[in-house]
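Next comes work-v4.cif, a file with mmCIF, C-alpha atoms and all ligand atoms.
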```cif
data_entry
loop_
_atom_site.label_atom_id
_atom_site.label_comp_id
_atom_site.auth_asym_id
_atom_site.auth_seq_id
_atom_site.Cartn_x
_atom_site.Cartn_y
_atom_site.Cartn_z
CA MET A 1387 30.94 54.94 -128.93
CA LYS A 1388 34.08 56.94 -129.58
CA LYS A 1389 35.91 54.65 -127.15
CA LEU A 1390 34.63 51.54 -128.91
CA PHE A 1391 35.71 52.91 -132.28
CA SER A 1392 39.20 53.65 -130.92
CA LEU A 1393 39.46 50.15 -129.53
CA PHE A 1394 38.42 48.73 -132.89
CA LEU A 1395 41.04 50.82 -134.67
CA CYS A 1396 43.68 49.80 -132.16
CA LEU A 1397 42.89 46.10 -132.34
CA PHE A 1398 42.73 45.83 -136.10
CA LEU A 1399 44.86 48.60 -137.50
CA CYS A 1400 47.54 49.55 -135.03
CA PRO A 1401 50.64 47.35 -135.03
CA CYS A 1402 52.38 49.08 -132.10
CA LEU A 1403 53.15 47.01 -129.02
CA SER A 1404 51.86 49.64 -126.60
CA CYS A 1405 48.38 49.03 -127.93
CA ALA A 1406 48.48 45.28 -127.31
CA HIS A 1407 45.37 44.22 -125.41
CA THR A 1408 46.71 40.80 -124.54
CA GLU A 1409 46.70 39.35 -121.05
CA ASP A 1410 49.36 36.77 -121.95
CA LYS A 1411 52.14 36.51 -119.41
CA PRO A 1412 55.14 38.61 -120.48
CA VAL A 1413 58.36 36.63 -120.81
CA THR A 1414 60.09 36.04 -117.49
CA ASN A 1415 63.84 35.92 -117.55
CA VAL A 1416 65.36 36.64 -114.18
CA ASN A 1417 68.87 36.21 -115.56
CA GLU A 1418 68.35 38.92 -118.15
CA ASN A 1419 66.33 41.19 -115.89
CA PRO A 1420 67.99 41.42 -112.45
CA TYR A 1421 65.15 43.70 -111.36
CA LEU A 1422 62.95 40.60 -111.04
CA ILE A 1423 65.07 39.33 -108.14
CA LEU A 1424 62.93 37.61 -105.49
CA VAL A 1425 63.89 38.39 -101.90
CA ASN A 1426 61.42 37.36 -99.23
CA LYS A 1427 61.36 35.42 -95.95
CA GLN A 1428 62.37 32.23 -97.81
CA ASN A 1429 64.71 33.69 -100.43
CA LYS A 1430 67.90 35.35 -99.24
CA LEU A 1431 69.63 38.23 -100.97
CA PRO A 1432 72.37 36.80 -103.25
CA ASP A 1433 75.83 37.34 -101.76
CA ASP A 1434 77.07 39.18 -104.86
CA TRP A 1435 74.02 41.41 -105.19
CA LEU A 1436 75.86 44.68 -104.56
CA ASN A 1437 78.14 43.91 -107.55
CA ARG A 1438 75.09 43.70 -109.81
CA VAL A 1439 73.45 47.04 -109.05
CA ASP A 1440 74.35 50.70 -109.02
CA LEU A 1441 73.23 52.34 -105.77
CA ILE A 1442 73.17 56.12 -105.55
CA SER A 1443 72.38 58.71 -102.93
CA THR A 1444 69.48 61.13 -103.20
CA ARG A 1445 67.64 63.54 -100.90
CA ASN A 1446 63.90 63.97 -100.49
CA ILE A 1447 62.11 67.32 -100.22
CA ILE A 1448 62.85 67.57 -96.49
CA ASP A 1449 66.54 66.83 -97.07
CA GLU A 1450 66.62 63.27 -95.74
CA GLU A 1451 69.15 61.04 -97.49
CA ASN A 1452 68.06 57.87 -99.28
CA ILE A 1453 70.12 55.27 -101.14
CA VAL A 1454 68.34 53.85 -104.18
CA GLU A 1455 69.26 51.74 -107.22
CA SER A 1456 69.94 54.21 -110.04
CA HIS A 1457 67.29 53.08 -112.56
CA ALA A 1458 64.70 52.75 -109.82
CA LEU A 1459 65.42 56.35 -108.82
CA ILE A 1460 64.93 57.63 -112.38
CA ALA A 1461 61.62 55.73 -112.53
CA PHE A 1462 60.58 57.06 -109.11
CA ASN A 1463 61.27 60.65 -110.16
CA GLY A 1464 59.07 60.13 -113.22
CA LEU A 1465 56.29 58.66 -111.07
CA ARG A 1466 56.58 61.50 -108.55
CA THR A 1467 56.28 64.16 -111.25
CA CYS A 1468 53.35 62.35 -112.88
CA LEU A 1469 51.45 62.16 -109.58
CA LEU A 1470 52.11 65.81 -108.79
CA TYR A 1471 50.77 67.07 -112.10
CA GLU A 1472 48.08 64.51 -112.89
CA GLU A 1473 46.72 63.74 -109.41
CA GLU A 1474 48.03 66.59 -107.23
CA VAL A 1475 49.48 64.00 -104.86
CA GLN A 1476 53.01 64.56 -103.56
CA ILE A 1477 55.00 61.45 -102.71
CA GLU A 1478 58.45 61.40 -101.11
CA LEU A 1479 60.97 58.69 -100.31
CA ASP A 1480 60.94 57.41 -96.76
CA SER A 1481 62.90 54.17 -96.29
CA THR A 1482 64.82 52.72 -99.22
CA TYR A 1483 68.09 50.74 -99.34
CA ARG A 1484 69.07 49.14 -96.05
CA SER A 1485 72.33 47.22 -95.71
CA VAL A 1486 72.53 43.79 -94.11
CA GLU A 1487 74.52 45.39 -91.28
CA GLN A 1488 71.83 48.01 -90.68
CA GLN A 1489 69.16 45.31 -90.59
CA GLN A 1490 71.26 43.42 -88.03
CA GLU A 1491 71.45 46.55 -85.85
CA ILE A 1492 67.68 47.03 -86.07
CA TRP A 1493 67.11 43.36 -85.26
CA ASP A 1494 69.47 43.49 -82.27
CA TYR A 1495 67.88 46.69 -80.93
CA TRP A 1496 64.28 45.44 -81.22
CA GLY A 1497 65.33 42.02 -79.99
CA SER A 1498 66.87 43.37 -76.80
CA THR A 1499 63.94 45.75 -76.27
CA TYR A 1500 60.91 43.61 -77.16
CA GLY A 1501 62.20 40.07 -77.60
CA LEU A 1502 62.66 37.58 -80.40
CA GLU A 1503 58.96 36.89 -80.92
CA TYR A 1504 58.34 40.58 -81.66
CA CYS A 1505 61.22 40.66 -84.16
CA GLU A 1506 59.96 37.58 -85.96
CA LYS A 1507 56.50 39.09 -86.27
CA TYR A 1508 57.43 42.59 -87.45
CA LEU A 1509 60.93 42.45 -88.97
CA SER A 1510 62.47 40.74 -91.96
CA PRO A 1511 65.23 38.32 -91.00
CA VAL A 1512 68.70 39.75 -91.63
CA GLY A 1513 69.63 39.10 -95.29
CA TYR A 1514 66.00 38.47 -96.27
CA SER A 1515 64.69 42.03 -96.46
CA GLU A 1516 63.70 43.36 -99.87
CA HIS A 1517 65.14 46.69 -98.75
CA HIS A 1518 68.61 45.13 -99.13
CA THR A 1519 68.13 45.26 -102.92
CA GLY A 1520 67.82 49.04 -103.34
CA LEU A 1521 64.72 48.32 -105.43
CA ALA A 1522 62.19 48.60 -102.59
CA LEU A 1523 60.98 52.12 -101.93
CA ASP A 1524 58.80 53.05 -98.97
CA ILE A 1525 57.03 56.31 -99.69
CA PHE A 1526 55.03 58.86 -97.71
CA ILE A 1527 52.68 61.66 -98.68
CA ILE A 1528 52.92 65.42 -98.11
CA THR A 1529 49.54 67.13 -98.35
CA LYS A 1530 48.88 70.53 -99.90
CA ASP A 1531 48.82 71.94 -96.36
CA ASN A 1532 52.34 70.58 -95.84
CA VAL A 1533 51.24 67.83 -93.47
CA GLU A 1534 53.13 64.53 -93.65
CA ILE A 1535 51.06 61.35 -93.90
CA ARG A 1536 53.77 58.99 -92.77
CA ASP A 1537 52.41 56.91 -89.94
CA ASN A 1538 51.57 53.37 -91.11
CA ASP A 1539 47.98 53.44 -89.84
CA GLU A 1540 47.37 56.89 -91.34
CA MET A 1541 48.69 55.71 -94.70
CA ILE A 1542 46.50 52.60 -94.67
CA ALA A 1543 43.51 54.86 -93.89
CA ASP A 1544 44.33 57.22 -96.78
CA THR A 1545 42.73 54.99 -99.39
CA THR A 1546 41.92 57.87 -101.76
CA ASP A 1547 45.49 59.05 -102.29
CA PHE A 1548 46.92 55.53 -102.42
CA ALA A 1549 44.36 54.45 -105.03
CA LYS A 1550 45.62 57.32 -107.22
CA ILE A 1551 49.25 56.39 -106.55
CA HIS A 1552 48.74 52.70 -107.25
CA SER A 1553 46.94 53.44 -110.53
CA HIS A 1554 50.15 54.95 -111.95
CA ILE A 1555 53.02 52.90 -110.53
CA ALA A 1556 53.07 50.17 -113.20
CA ASP A 1557 53.61 52.78 -115.93
CA TYR A 1558 57.01 53.38 -114.32
CA GLY A 1559 57.93 49.73 -113.72
CA PHE A 1560 56.80 49.50 -110.09
CA ILE A 1561 54.45 47.03 -108.42
CA LEU A 1562 52.71 47.05 -105.06
CA ARG A 1563 54.79 44.40 -103.35
CA TYR A 1564 52.56 43.54 -100.39
CA PRO A 1565 48.95 43.76 -101.60
CA GLU A 1566 45.90 43.40 -99.39
CA GLY A 1567 44.65 39.82 -99.17
CA LYS A 1568 47.97 38.28 -100.22
CA GLU A 1569 49.52 38.08 -96.76
CA ASP A 1570 49.81 34.29 -96.97
CA VAL A 1571 51.79 34.54 -100.21
CA THR A 1572 54.11 37.43 -99.36
CA GLY A 1573 54.48 36.82 -95.63
CA TYR A 1574 53.74 40.49 -94.98
CA ASP A 1575 50.66 42.51 -94.01
CA TYR A 1576 49.28 45.00 -96.51
CA GLU A 1577 51.74 47.86 -97.07
CA PRO A 1578 50.37 50.50 -99.47
CA TRP A 1579 53.61 52.48 -99.14
CA HIS A 1580 56.06 49.74 -100.17
CA LEU A 1581 56.74 49.96 -103.91
CA ARG A 1582 59.05 47.58 -105.70
CA TYR A 1583 60.85 48.42 -108.94
CA ILE A 1584 60.92 45.49 -111.38
CA GLY A 1585 62.34 47.34 -114.38
CA ASN A 1586 59.68 46.52 -116.95
CA PRO A 1587 56.34 48.38 -117.18
CA GLU A 1588 54.77 45.59 -119.27
CA ILE A 1589 55.43 43.01 -116.55
CA ALA A 1590 54.44 45.51 -113.85
CA HIS A 1591 51.09 46.04 -115.58
CA TYR A 1592 50.57 42.30 -115.93
CA ILE A 1593 51.18 41.80 -112.21
CA MET A 1594 49.09 44.78 -111.07
CA ASP A 1595 46.20 44.23 -113.51
CA ASN A 1596 45.88 40.60 -112.41
CA ASN A 1597 46.34 41.36 -108.70
CA PHE A 1598 49.36 39.06 -108.56
CA THR A 1599 52.34 39.19 -106.25
CA LEU A 1600 55.92 38.88 -107.46
CA GLU A 1601 55.93 35.34 -106.05
CA GLU A 1602 52.87 34.39 -108.08
CA TYR A 1603 54.29 35.95 -111.24
CA LEU A 1604 57.66 34.21 -110.96
CA LEU A 1605 56.41 30.82 -109.82
CA GLN A 1606 53.16 30.36 -111.80
ZN ZN B 1701 59.27 48.68 -97.15
#
```

Can I see the file as structure tokens?
Ligand SMILES: [Zn+2]
Amino acid sequence: MKKLFSLFLCLFLCPCLSCAHTEDKPVTNVNENPYLILVNKQNKLPDDWLNRVDLISTRNIIDEENIVESHALIAFNGLRTCLLYEEEVQIELDSTYRSVEQQQEIWDYWGSTYGLEYCEKYLSPVGYSEHHTGLALDIFIITKDNVEIRDNDEMIADTTDFAKIHSHIADYGFILRYPEGKEDVTGYDYEPWHLRYIGNPEIAHYIMDNNFTLEEYLLQ
């Protein structure tokens, strides 16, 4: 009853935007918001991308270096603190920015070891990885007993922690980039660890609440 009354007050009395209960699509303007950049298996990273973003170095709790776009890092730190205090879940950065040259090295190594077919199945083509943007953050979990949950299969199995994580990411401008059941749209299997910063919590909520992908949001 209390909840209903609050909703009534919010709908009819409160003019603030944060209380808007609309499901209308927030305005999309990729030119004004570079964080909406679409990089996937069909859309290559723009050649001048590195001139448009500010990449900085950071270190996770076990002193591994990561390069991340500066605003995405600020947002990640907010998300990390929120999850620690509100959910008692500790997330850390795993794989973040990857240069085109690094992707080429990975492609060449896997190609010579396992063959082209393997690369095409499991790797992004060089120049087409979202990790080239600095806005894609792969995370892992450290448990209270100091155990790392970092293996892909273990992370997919840890549905409890990832449900908590995913419930907060939009507040900080992140979306789950490769959701379950959207493999045909994204071209990637479900990756609960791969967060993508899009710079706008309102748009992030719209995408997450409607179970959209970035492709569906930009092209609908
Ligand atoms: Zn990733």

Do you know which residues are at most 6 Å from Leu1523 in chain A counting only C-alpha atoms, after dropping those on the same chain fewer than 5 positions away, and could you put them as a ChimeraX atom specification? /A:1482,1580-1581

If we count only C-alpha atoms, what is near range 1490-1507 of chain A at a cut-off of 12 Å, once residues fewer than 3 positions away on the same chain are taken out, given as number ranges by chain? A: 1427, 1484-1487, 1510-1515, 1518, 1573-1575

Which chains and residue numbers are within 12 Å of ligand ZN 1701 (chain B), counting all atoms listed in the file, if I want them as a PyMOL selection string? chain A and resi 1426+1479-1484+1508-1510+1515-1526+1538+1562-1564+1574-1583

Would you mind listing what lies within 9 Å of Ile1551 in chain A as number ranges by chain, with all atoms listed in the file counted and same-chain residues fewer than 6 positions away left out? A: 1465, 1469, 1473, 1475, 1477

Selection: 8 Å around Arg1466 in chain A, all atoms listed in the file, excl. self and same-chain fewer than 2 positions, as a ChimeraX atom specification: /A:1462-1464,1468-1470,1476-1478

CA of Ile1527 in chain A to CA of Met1594 in chain A: how many Å, to one decimal?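 A separation of 21.2 Å between them.
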
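Across the model, the gap from CA of Thr1572 in chain A to CA of Gln1428 in chain A is 9.9 Å.
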
Near Asn1597 in chain A, within 12 Å and counting only C-alpha atoms, which residues show up once chain neighbours fewer than 4 positions away are dropped, as a ChimeraX atom specification? /A:1552,1556,1561-1568,1590-1593,1601-1603

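Interatomic distance, CA of Ser1553 in chain A to CA of Asn1586 in chain A: 15.9 Å.
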
Using all atoms listed in the file, which of the listed residues (A:Leu1600, A:Met1541, A:Ile1423, A:Ile1528) sits closest to Ile1447 in chain A?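 Result for the nearest residue to Ile1447 in chain A: A:Ile1528.
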